[in-house]
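Structure file my_file_14.txt (compact mmCIF, C-alpha atoms) follows.
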# COMPACT_ATOMS: atom_id res chain seq x y z
CA MET E 11 -35.80 -21.65 3.58
CA ARG E 12 -39.14 -23.44 3.41
CA PRO E 13 -39.81 -25.63 0.35
CA LEU E 14 -41.86 -24.07 -2.43
CA ILE E 15 -45.49 -25.04 -2.62
CA ARG E 16 -45.55 -28.56 -4.02
CA LYS E 17 -48.30 -27.73 -6.48
CA PHE E 18 -45.89 -25.48 -8.40
CA ASN E 19 -42.73 -27.57 -8.08
CA PHE E 20 -42.59 -28.05 -11.83
CA ILE E 21 -41.74 -24.35 -12.35
CA PRO E 22 -38.13 -24.49 -11.04
CA VAL E 23 -37.58 -27.62 -13.14
CA LEU E 24 -38.83 -25.88 -16.27
CA ALA E 25 -36.72 -22.81 -15.44
CA THR E 26 -33.60 -24.99 -15.41
CA PHE E 27 -34.10 -25.60 -19.15
CA PHE E 28 -32.80 -22.03 -19.52
CA VAL E 29 -29.43 -23.25 -18.21
CA MET E 30 -29.57 -26.10 -20.76
CA GLY E 31 -29.61 -23.48 -23.54
CA PHE E 32 -26.25 -22.02 -22.45
CA CYS E 33 -24.33 -24.50 -24.61
CA ASP E 34 -25.54 -22.69 -27.74
CA VAL E 35 -23.55 -19.59 -26.76
CA VAL E 36 -20.58 -21.34 -28.34
CA GLY E 37 -21.76 -20.16 -31.78
CA ILE E 38 -21.41 -16.43 -31.19
CA ALA E 39 -18.56 -16.99 -28.70
CA THR E 40 -16.49 -18.56 -31.50
CA SER E 41 -16.64 -15.30 -33.46
CA TYR E 42 -15.68 -13.23 -30.40
CA LEU E 43 -12.78 -15.52 -29.46
CA LYS E 44 -11.55 -15.64 -33.05
CA GLN E 45 -11.41 -11.84 -33.02
CA ASP E 46 -9.96 -11.45 -29.50
CA PHE E 47 -7.16 -13.99 -29.92
CA ALA E 48 -6.57 -13.77 -33.72
CA LEU E 49 -7.41 -17.44 -34.28
CA SER E 50 -7.29 -19.23 -37.61
CA GLU E 51 -10.50 -20.70 -39.04
CA SER E 52 -9.34 -24.26 -38.35
CA LEU E 53 -8.44 -23.52 -34.72
CA ALA E 54 -11.67 -21.59 -34.14
CA GLY E 55 -13.55 -24.56 -35.57
CA PHE E 56 -12.45 -26.66 -32.61
CA ILE E 57 -14.05 -24.35 -30.02
CA PRO E 58 -17.53 -25.97 -30.24
CA SER E 59 -15.82 -29.34 -29.77
CA MET E 60 -14.85 -28.30 -26.25
CA VAL E 61 -18.57 -28.20 -25.43
CA PHE E 62 -20.09 -31.06 -27.40
CA ILE E 63 -17.45 -33.80 -27.29
CA TRP E 64 -18.54 -34.68 -23.74
CA PHE E 65 -21.88 -35.99 -24.97
CA LEU E 66 -19.94 -38.83 -26.59
CA PHE E 67 -17.99 -39.83 -23.48
CA LEU E 68 -20.27 -38.94 -20.57
CA SER E 69 -23.93 -39.49 -21.57
CA VAL E 70 -24.20 -43.18 -20.71
CA PRO E 71 -21.91 -43.02 -17.63
CA ALA E 72 -24.03 -40.07 -16.42
CA ALA E 73 -27.19 -42.17 -16.78
CA ILE E 74 -25.57 -44.96 -14.73
CA LEU E 75 -24.53 -42.49 -12.01
CA MET E 76 -28.00 -40.93 -12.02
CA ASN E 77 -29.50 -44.32 -11.16
CA ARG E 78 -27.36 -44.27 -7.99
CA ILE E 79 -27.65 -40.67 -6.77
CA GLY E 80 -31.05 -39.68 -8.18
CA ARG E 81 -32.26 -37.25 -10.83
CA LYS E 82 -32.44 -34.09 -8.73
CA ALA E 83 -28.93 -34.66 -7.36
CA MET E 84 -27.60 -35.11 -10.89
CA VAL E 85 -29.23 -31.85 -12.03
CA GLN E 86 -27.66 -30.08 -9.05
CA VAL E 87 -24.23 -31.54 -9.90
CA SER E 88 -24.65 -30.20 -13.44
CA ASN E 89 -25.58 -26.76 -12.10
CA ALA E 90 -22.49 -26.75 -9.86
CA VAL E 91 -20.16 -27.70 -12.71
CA THR E 92 -21.71 -25.07 -15.00
CA PHE E 93 -21.47 -22.39 -12.30
CA VAL E 94 -17.74 -22.99 -11.79
CA GLY E 95 -17.12 -22.95 -15.54
CA MET E 96 -18.96 -19.67 -16.05
CA LEU E 97 -16.92 -17.93 -13.34
CA ILE E 98 -13.55 -18.70 -14.94
CA PRO E 99 -13.54 -15.94 -17.64
CA PHE E 100 -14.33 -13.37 -14.94
CA PHE E 101 -11.06 -14.13 -13.13
CA SER E 102 -8.90 -15.07 -16.14
CA TYR E 103 -9.66 -14.28 -19.77
CA THR E 104 -7.12 -16.08 -21.93
CA PHE E 105 -7.68 -18.53 -24.76
CA ALA E 106 -6.71 -21.42 -22.46
CA SER E 107 -9.03 -20.32 -19.63
CA ALA E 108 -11.88 -19.81 -22.11
CA MET E 109 -11.39 -23.40 -23.32
CA VAL E 110 -11.53 -24.68 -19.73
CA ALA E 111 -14.76 -22.72 -19.24
CA PHE E 112 -16.28 -24.32 -22.36
CA ILE E 113 -15.13 -27.78 -21.26
CA LEU E 114 -16.91 -27.35 -17.92
CA LEU E 115 -19.96 -25.92 -19.72
CA GLY E 116 -20.02 -29.01 -21.96
CA ILE E 117 -19.67 -31.44 -19.04
CA GLY E 118 -22.38 -29.64 -17.08
CA ASN E 119 -24.69 -29.54 -20.09
CA THR E 120 -24.22 -33.25 -20.76
CA LEU E 121 -25.19 -34.10 -17.18
CA LEU E 122 -28.16 -31.73 -17.44
CA GLN E 123 -29.50 -33.14 -20.71
CA VAL E 124 -29.32 -36.66 -19.32
CA SER E 125 -31.13 -35.80 -16.07
CA LEU E 126 -33.47 -32.83 -16.53
CA ASN E 127 -36.12 -34.40 -18.81
CA PRO E 128 -36.47 -37.44 -16.52
CA LEU E 129 -36.67 -35.12 -13.48
CA LEU E 130 -39.67 -33.37 -15.03
CA THR E 131 -41.53 -36.71 -14.99
CA ASN E 132 -41.14 -36.71 -11.19
CA VAL E 133 -43.35 -33.63 -10.86
CA VAL E 134 -45.63 -33.76 -13.91
CA LYS E 135 -47.81 -36.74 -14.83
CA GLY E 136 -50.31 -37.76 -17.47
CA GLU E 137 -51.45 -35.43 -20.23
CA ARG E 138 -49.58 -32.43 -18.77
CA LEU E 139 -46.21 -34.12 -19.32
CA THR E 140 -46.07 -33.63 -23.10
CA SER E 141 -46.96 -29.95 -22.87
CA CYS E 142 -44.41 -29.40 -20.10
CA LEU E 143 -41.66 -31.16 -22.05
CA THR E 144 -42.48 -28.96 -25.03
CA GLY E 145 -42.48 -25.93 -22.74
CA GLY E 146 -39.02 -26.91 -21.52
CA GLN E 147 -37.68 -27.00 -25.07
CA VAL E 148 -39.19 -23.57 -25.72
CA VAL E 149 -37.43 -22.23 -22.59
CA LYS E 150 -34.16 -23.74 -23.85
CA ALA E 151 -34.64 -22.12 -27.26
CA VAL E 152 -35.37 -18.74 -25.66
CA SER E 153 -32.10 -19.05 -23.76
CA SER E 154 -30.28 -19.83 -27.02
CA PHE E 155 -31.47 -16.77 -28.93
CA CYS E 156 -30.97 -14.51 -25.90
CA ALA E 157 -27.22 -15.22 -25.87
CA PRO E 158 -26.20 -12.64 -28.53
CA PHE E 159 -28.35 -9.96 -26.88
CA LEU E 160 -26.87 -10.74 -23.47
CA ALA E 161 -23.39 -10.48 -24.99
CA LEU E 162 -24.27 -7.05 -26.39
CA ALA E 163 -25.72 -6.00 -23.03
CA ALA E 164 -22.56 -7.16 -21.23
CA THR E 165 -20.42 -5.18 -23.69
CA ALA E 166 -22.54 -2.05 -23.27
CA ALA E 167 -22.68 -2.27 -19.46
CA PHE E 168 -19.20 -3.56 -18.61
CA GLY E 169 -17.12 -2.93 -21.72
CA ASN E 170 -16.45 -6.57 -22.61
CA TRP E 171 -18.59 -9.42 -23.91
CA LYS E 172 -16.91 -11.90 -21.53
CA TYR E 173 -19.16 -10.67 -18.70
CA LEU E 174 -21.89 -12.68 -20.41
CA PHE E 175 -20.40 -15.64 -18.54
CA THR E 176 -20.85 -13.83 -15.22
CA ILE E 177 -24.53 -13.34 -16.07
CA TYR E 178 -24.75 -17.06 -16.86
CA ALA E 179 -23.07 -17.89 -13.53
CA ALA E 180 -25.67 -15.81 -11.66
CA ILE E 181 -28.57 -17.48 -13.50
CA THR E 182 -27.10 -20.94 -12.82
CA LEU E 183 -26.72 -20.16 -9.12
CA LEU E 184 -30.33 -18.99 -9.00
CA SER E 185 -31.44 -22.23 -10.68
CA PHE E 186 -29.47 -24.25 -8.14
CA LEU E 187 -31.05 -22.41 -5.20
CA LEU E 188 -34.59 -22.67 -6.57
CA LEU E 189 -34.26 -26.43 -7.04
CA GLU E 190 -32.63 -26.84 -3.64
CA VAL E 191 -35.63 -25.36 -1.82
CA THR E 192 -38.16 -27.17 -4.01
CA GLU E 193 -39.70 -30.40 -2.77
CA ILE E 194 -39.52 -32.94 -5.60
CA PRO E 195 -40.75 -36.53 -5.15
CA LYS E 196 -37.95 -39.06 -5.56
CA GLU E 197 -38.29 -41.48 -8.43
CA ALA E 198 -38.78 -45.20 -7.90
CA GLU E 199 -35.64 -47.30 -7.73
CA SER E 200 -34.57 -48.67 -11.11
CA GLY E 201 -34.50 -52.42 -11.35
CA LYS E 202 -31.47 -52.58 -13.61
CA ALA E 203 -28.97 -49.89 -14.50
CA THR E 204 -28.10 -49.16 -18.11
CA SER E 205 -24.60 -50.44 -18.96
CA LEU E 206 -22.09 -49.25 -21.53
CA LYS E 207 -22.20 -52.65 -23.20
CA GLU E 208 -25.99 -52.57 -23.56
CA ALA E 209 -26.03 -49.03 -24.92
CA PHE E 210 -23.28 -49.34 -27.50
CA GLY E 211 -24.35 -52.87 -28.41
CA LEU E 212 -27.34 -51.24 -30.09
CA LEU E 213 -25.02 -50.23 -32.93
CA GLY E 214 -25.67 -53.70 -34.30
CA ASP E 215 -29.29 -52.74 -34.98
CA LYS E 216 -29.32 -51.05 -38.40
CA THR E 217 -32.47 -49.06 -37.66
CA VAL E 218 -31.06 -47.67 -34.41
CA LEU E 219 -27.75 -46.89 -36.14
CA LEU E 220 -29.65 -45.05 -38.89
CA PHE E 221 -31.32 -42.73 -36.37
CA PHE E 222 -28.20 -42.37 -34.22
CA LEU E 223 -26.30 -41.00 -37.23
CA GLY E 224 -29.31 -38.81 -37.94
CA ILE E 225 -29.03 -37.32 -34.43
CA PHE E 226 -25.29 -36.89 -34.96
CA PHE E 227 -25.76 -34.95 -38.20
CA ILE E 228 -28.76 -32.84 -37.19
CA VAL E 229 -26.84 -31.59 -34.14
CA GLY E 230 -23.95 -30.90 -36.51
CA VAL E 231 -26.31 -28.84 -38.70
CA ASP E 232 -27.63 -27.00 -35.64
CA VAL E 233 -24.26 -26.10 -34.16
CA GLY E 234 -22.71 -25.53 -37.58
CA THR E 235 -25.41 -23.10 -38.73
CA ASN E 236 -25.31 -21.29 -35.40
CA THR E 237 -21.52 -20.95 -35.75
CA VAL E 238 -21.37 -19.91 -39.41
CA SER E 239 -24.26 -17.41 -39.34
CA PRO E 240 -22.29 -14.45 -37.86
CA LYS E 241 -19.27 -15.35 -39.99
CA LEU E 242 -21.33 -15.05 -43.18
CA LEU E 243 -22.52 -11.58 -42.17
CA ILE E 244 -18.97 -10.52 -41.32
CA GLU E 245 -17.53 -11.92 -44.57
CA ARG E 246 -20.20 -10.76 -47.03
CA CYS E 247 -21.63 -7.65 -45.38
CA GLY E 248 -18.62 -6.29 -43.50
CA MET E 249 -20.45 -6.27 -40.16
CA ASP E 250 -18.59 -6.18 -36.86
CA VAL E 251 -18.96 -9.12 -34.49
CA GLU E 252 -21.57 -7.42 -32.30
CA LYS E 253 -23.97 -6.72 -35.19
CA ALA E 254 -23.25 -10.06 -36.85
CA SER E 255 -24.49 -11.85 -33.71
CA LEU E 256 -27.98 -11.05 -35.02
CA GLY E 257 -27.59 -14.05 -37.32
CA ALA E 258 -27.50 -16.48 -34.39
CA SER E 259 -30.53 -14.81 -32.80
CA VAL E 260 -32.55 -15.07 -36.03
CA TYR E 261 -31.61 -18.74 -36.27
CA PHE E 262 -32.80 -19.52 -32.75
CA ILE E 263 -35.96 -17.42 -33.01
CA CYS E 264 -36.97 -19.30 -36.16
CA ARG E 265 -36.04 -22.63 -34.56
CA THR E 266 -38.24 -21.80 -31.56
CA ILE E 267 -41.21 -20.89 -33.77
CA GLY E 268 -40.70 -24.01 -35.88
CA ALA E 269 -40.56 -26.30 -32.84
CA PHE E 270 -43.71 -24.71 -31.38
CA LEU E 271 -45.65 -25.16 -34.64
CA GLY E 272 -44.23 -28.66 -35.04
CA THR E 273 -45.89 -29.84 -31.84
CA PHE E 274 -49.29 -29.16 -33.45
CA LEU E 275 -48.48 -30.27 -37.00
CA LEU E 276 -46.90 -33.57 -35.95
CA ALA E 277 -50.12 -34.45 -34.13
CA ARG E 278 -51.95 -34.21 -37.47
CA MET E 279 -49.60 -35.76 -40.02
CA ASP E 280 -47.20 -38.65 -40.40
CA ASP E 281 -43.78 -38.10 -38.77
CA ILE E 282 -41.75 -39.30 -41.75
CA LYS E 283 -43.74 -37.27 -44.27
CA TYR E 284 -43.25 -34.18 -42.10
CA LEU E 285 -39.53 -34.98 -41.87
CA LYS E 286 -39.13 -35.26 -45.67
CA ILE E 287 -40.94 -31.99 -46.40
CA ASN E 288 -38.96 -30.02 -43.85
CA LEU E 289 -35.59 -31.44 -44.88
CA PHE E 290 -36.19 -30.63 -48.55
CA LEU E 291 -37.03 -27.05 -47.58
CA ALA E 292 -33.94 -26.90 -45.34
CA VAL E 293 -31.77 -27.99 -48.29
CA ALA E 294 -33.39 -25.28 -50.42
CA SER E 295 -32.59 -22.69 -47.72
CA MET E 296 -28.98 -23.87 -47.63
CA ALA E 297 -28.67 -23.68 -51.43
CA PHE E 298 -29.98 -20.10 -51.21
CA LEU E 299 -27.18 -19.22 -48.76
CA PHE E 300 -24.45 -20.24 -51.19
CA PHE E 301 -25.13 -17.30 -53.50
CA VAL E 302 -26.87 -14.42 -51.68
CA ARG E 303 -24.99 -11.39 -50.34
CA PRO E 304 -27.49 -8.87 -48.85
CA ALA E 305 -27.86 -9.16 -45.08
CA TRP E 306 -31.64 -9.65 -45.25
CA ALA E 307 -31.21 -12.57 -47.67
CA ILE E 308 -28.55 -14.22 -45.51
CA LEU E 309 -30.79 -13.88 -42.47
CA ALA E 310 -33.71 -15.35 -44.44
CA GLY E 311 -31.63 -18.40 -45.39
CA ILE E 312 -30.36 -18.87 -41.85
CA GLY E 313 -33.88 -18.50 -40.45
CA GLY E 314 -35.18 -21.03 -42.98
CA ILE E 315 -32.68 -23.66 -41.85
CA GLY E 316 -33.57 -23.03 -38.20
CA PHE E 317 -37.31 -23.24 -38.89
CA PHE E 318 -37.28 -26.35 -41.09
CA CYS E 319 -34.77 -28.28 -38.97
CA SER E 320 -36.45 -27.45 -35.66
CA SER E 321 -38.36 -30.73 -35.25
CA VAL E 322 -35.88 -33.12 -36.90
CA PHE E 323 -34.17 -34.09 -33.63
CA SER E 324 -37.44 -34.96 -31.88
CA VAL E 325 -38.74 -36.99 -34.86
CA LEU E 326 -35.53 -39.01 -35.14
CA PHE E 327 -35.41 -39.58 -31.39
CA SER E 328 -39.01 -40.76 -31.23
CA GLN E 329 -38.54 -43.04 -34.25
CA ALA E 330 -35.55 -44.67 -32.55
CA LEU E 331 -37.62 -45.33 -29.42
CA LYS E 332 -40.45 -46.80 -31.51
CA ALA E 333 -38.00 -49.09 -33.28
CA ARG E 334 -37.00 -50.83 -30.03
CA PRO E 335 -39.50 -49.89 -27.31
CA GLU E 336 -38.27 -52.69 -25.06
CA LYS E 337 -34.85 -50.97 -25.00
CA ALA E 338 -36.10 -47.43 -24.37
CA ASN E 339 -33.65 -46.66 -21.55
CA GLU E 340 -30.62 -47.92 -23.45
CA ILE E 341 -31.66 -46.12 -26.64
CA SER E 342 -32.24 -42.85 -24.77
CA GLY E 343 -28.74 -42.92 -23.29
CA PHE E 344 -27.20 -43.97 -26.58
CA MET E 345 -28.99 -41.33 -28.66
CA ILE E 346 -27.79 -38.51 -26.41
CA THR E 347 -24.22 -39.49 -27.32
CA GLY E 348 -25.11 -38.45 -30.88
CA VAL E 349 -25.08 -34.84 -29.69
CA CYS E 350 -21.29 -35.10 -30.07
CA GLY E 351 -21.96 -34.26 -33.73
CA GLY E 352 -21.74 -30.69 -32.49
CA ALA E 353 -18.09 -31.40 -31.64
CA VAL E 354 -17.13 -33.05 -34.93
CA ILE E 355 -18.79 -30.94 -37.63
CA PRO E 356 -17.49 -27.41 -36.76
CA PRO E 357 -13.77 -28.41 -37.01
CA LEU E 358 -14.51 -29.93 -40.44
CA MET E 359 -16.19 -26.66 -41.39
CA GLY E 360 -13.10 -24.71 -40.32
CA LEU E 361 -10.82 -26.92 -42.40
CA ALA E 362 -13.17 -26.72 -45.41
CA THR E 363 -13.31 -22.91 -45.13
CA GLU E 364 -9.53 -22.64 -45.19
CA TRP E 365 -9.39 -25.04 -48.15
CA VAL E 366 -12.04 -23.17 -50.19
CA GLY E 367 -10.98 -19.72 -49.02
CA ASN E 368 -14.39 -18.49 -47.80
CA GLN E 369 -17.43 -19.57 -45.79
CA ARG E 370 -18.83 -21.61 -48.69
CA GLY E 371 -16.56 -24.36 -47.36
CA SER E 372 -18.52 -24.38 -44.11
CA LEU E 373 -21.82 -24.35 -46.00
CA LEU E 374 -20.67 -27.35 -48.05
CA VAL E 375 -20.03 -29.40 -44.89
CA ILE E 376 -23.50 -28.54 -43.52
CA THR E 377 -25.02 -29.46 -46.90
CA LEU E 378 -23.44 -32.91 -46.72
CA CYS E 379 -25.00 -33.36 -43.27
CA LEU E 380 -28.40 -32.40 -44.69
CA ALA E 381 -27.89 -34.82 -47.58
CA TYR E 382 -27.52 -37.70 -45.11
CA LEU E 383 -30.63 -36.57 -43.26
CA VAL E 384 -32.68 -36.57 -46.48
CA TRP E 385 -31.44 -40.09 -47.21
CA CYS E 386 -32.23 -41.07 -43.61
CA ALA E 387 -35.80 -39.81 -43.97
CA PHE E 388 -36.40 -41.92 -47.08
CA ALA E 389 -34.71 -44.97 -45.51
CA ALA E 390 -36.93 -44.56 -42.45
CA GLY E 391 -39.97 -44.36 -44.73
CA ARG E 392 -39.00 -47.64 -46.42
CA ARG E 393 -38.54 -49.37 -43.06
CA GLN E 394 -41.89 -48.02 -41.89
CA ARG E 395 -43.64 -49.44 -44.98
CA GLU E 396 -41.89 -52.81 -44.59
CA ALA E 397 -42.92 -52.99 -40.93
CA SER E 398 -46.57 -52.23 -41.80
CA ILE E 399 -46.59 -55.03 -44.41
CA VAL E 400 -45.18 -57.53 -41.93
Would you mind writing the file's structure down as structure tokens?
Amino acid sequence: MRPLIRKFNFIPVLATFFVMGFCDVVGIATSYLKQDFALSESLAGFIPSMVFIWFLFLSVPAAILMNRIGRKAMVQVSNAVTFVGMLIPFFSYTFASAMVAFILLGIGNTLLQVSLNPLLTNVVKGERLTSCLTGGQVVKAVSSFCAPFLALAATAAFGNWKYLFTIYAAITLLSFLLLEVTEIPKEAESGKATSLKEAFGLLGDKTVLLFFLGIFFIVGVDVGTNTVSPKLLIERCGMDVEKASLGASVYFICRTIGAFLGTFLLARMDDIKYLKINLFLAVASMAFLFFVRPAWAILAGIGGIGFFCSSVFSVLFSQALKARPEKANEISGFMITGVCGGAVIPPLMGLATEWVGNQRGSLLVITLCLAYLVWCAFAAGRRQREASIV
């Protein structure tokens, strides 16, 4: 097949961000798996770990490998791994096979997050790059909030939600084929590859550590809220799993809107000030969730957290890069490992829920994550003021 017209070679790259959003299916999938296999809260809490733990172990090694094989090749490897993982539930739907599928989804997503943003810089330059990167995140968010609807569609069409994974496999294969026939300029050879020692040696920098933990906890808030939202509707409103999946969709819709608005607002106001305002409002939304029972109120609280936390990751990431611009490559690889917060926080939520006896235990764990982020915002503000004085 002839290569796509080079002028539009950024479109298949942007489309691949849809595959990046597949990892967020773990939120609604946890509720389905808990129901299908009669899992305890603590065991169900470990399901997101199967996806997000790989960001801790593979992010920096993936960056090193990418320097050798190239960005496009790494994206294609990630597509291949994801495709295989998404086919597994079609052939075998057991708790063990589902965990293997999520493990492969997590590995594929780690490779994709490390390589896809850099690949976009191969086809988009100058002023268009920022808008295209933002567009990619919007595509990813659309994928995230489509997951519950695709699960419902799979149930209606085929009688079981697990066929969602077959739909994901087909989309991933399409992404692979589109990229394969697209001519993408190869990046210049890197002078020096990022090493594990260089990346993790940055822990000695207190400012970098501050933002790394911020990334860790904001991903924990993201995955935790996504996971607990259907459970709250099931527990307090008596909804079935299919209807309760609306909670995850509301969360991702609000997160998408918040991220889109954030791109304009952050261009007009100080990053840290914006961070403080949004985190205070996120804490207020979380406090609201502790007490409300009507479905509309629960959805409002969930949507508030999604909206106000939507730009936190990007602000923390950019602040880390500004702190040590001469170590941008090492910091980028190191910060992606913080996404493993999505593997650590949900199991703690499951344990807290069993200890408390209801989903307020999960909300308490997310609140503690938000408390650190508020402290992080004020600490970052102090460091910013000290740097301006010097």
_Ranking E:Ser50, E:Gln369, E:Gln329, E:Gln147 by minimum distance to Thr273 in chain E and counting only C-alpha atoms, which one comes first?_
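Ranked by minimum distance to Thr273 in chain E, first place goes to E:Gln147.
All protein and nucleic acid residues in the vicinity of (-19.2, -38.4, -36.7), that is within 8 Å when counting all atoms listed in the file, are Leu223, Phe226, Phe227, Cys350, Gly351, Val354 and Ile355 of chain E.
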*So what do you get for CA of Ile308 in chain E versus CA of Ala166 in chain E, distance-wise?*
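Result for CA of Ile308 in chain E versus CA of Ala166 in chain E: 26.1 Å, one decimal.
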*Enter the distance from CA of Val133 in chain E to CA of Ile341 in chain E, in Å, rounded to one decimal.*
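Separation between CA of Val133 in chain E and CA of Ile341 in chain E: 23.3 Å.
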*What is the distance, in Å and to one decimal place, between CA of Ala25 in chain E and CA of Val110 in chain E?*
25.6 Å
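Comparing the minimum interatomic distances between Val134 in chain E and each of E:Ala180, E:Ile21, E:Val349, E:Ile57, counting all atoms listed in the file, we find that E:Ile21 sits nearest.
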*Using all atoms listed in the file, which residues sit within 6 Å of range 283-289 of chain E once same-chain residues fewer than 2 positions away are excluded, as a list of chain:residue names?*
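Answer for this query is E:Asp280, E:Asp281, E:Leu291, E:Ala292, E:Phe318, E:Ala387.
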Take the selection from the previous step and output its residues with C-alpha atoms, as a PDB file, keeping the file's coordinate frame.
ATOM      1  CA  ASP E 280     -47.200 -38.650 -40.400  1.00  0.00           C
ATOM      2  CA  ASP E 281     -43.780 -38.100 -38.770  1.00  0.00           C
ATOM      3  CA  LEU E 291     -37.030 -27.050 -47.580  1.00  0.00           C
ATOM      4  CA  ALA E 292     -33.940 -26.900 -45.340  1.00  0.00           C
ATOM      5  CA  PHE E 318     -37.280 -26.350 -41.090  1.00  0.00           C
ATOM      6  CA  ALA E 387     -35.800 -39.810 -43.970  1.00  0.00           C
TER       7      ALA E 387
END
*Between E:Phe32, E:Tyr261, E:Phe274, E:Phe159, which one has atoms that come closest to Ala310 in chain E, using all atoms listed in the file?*
E:Tyr261
*Minimum-distance residue to Gln45 in chain E, chosen among E:Gly352, E:Lys216, E:Ile244, E:Asn89 (using only C-alpha atoms)*: E:Ile244
*For Ser154 in chain E, which residue out of E:Met345, E:Ile38, E:Leu378, E:Ala307 is the nearest one, using all atoms listed in the file?*
E:Ile38
_Of the listed residues E:Ala163, E:Met76, E:Ile263, E:Leu361, that which approaches Ile312 in chain E most closely, counting all atoms listed in the file_ =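 So, comparing all the options, the nearest one is E:Ile263.
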*Within 10 Å of Tyr178 in chain E, counting only C-alpha atoms, which residues show up once you throw out same-chain ones fewer than 2 positions away? Write them as a PyMOL selection string, please.*
chain E and resi 28-29+32+92-93+95-97+157+160+173-176+180-184
Can you write out the residues you just picked, keeping C-alpha atoms, as a compact mmCIF listing (two decimals), keeping the file's coordinate frame?
# COMPACT_ATOMS: atom_id res chain seq x y z
CA PHE E 28 -32.80 -22.03 -19.52
CA VAL E 29 -29.43 -23.25 -18.21
CA PHE E 32 -26.25 -22.02 -22.45
CA THR E 92 -21.71 -25.07 -15.00
CA PHE E 93 -21.47 -22.39 -12.30
CA GLY E 95 -17.12 -22.95 -15.54
CA MET E 96 -18.96 -19.67 -16.05
CA LEU E 97 -16.92 -17.93 -13.34
CA ALA E 157 -27.22 -15.22 -25.87
CA LEU E 160 -26.87 -10.74 -23.47
CA TYR E 173 -19.16 -10.67 -18.70
CA LEU E 174 -21.89 -12.68 -20.41
CA PHE E 175 -20.40 -15.64 -18.54
CA THR E 176 -20.85 -13.83 -15.22
CA ALA E 180 -25.67 -15.81 -11.66
CA ILE E 181 -28.57 -17.48 -13.50
CA THR E 182 -27.10 -20.94 -12.82
CA LEU E 183 -26.72 -20.16 -9.12
CA LEU E 184 -30.33 -18.99 -9.00
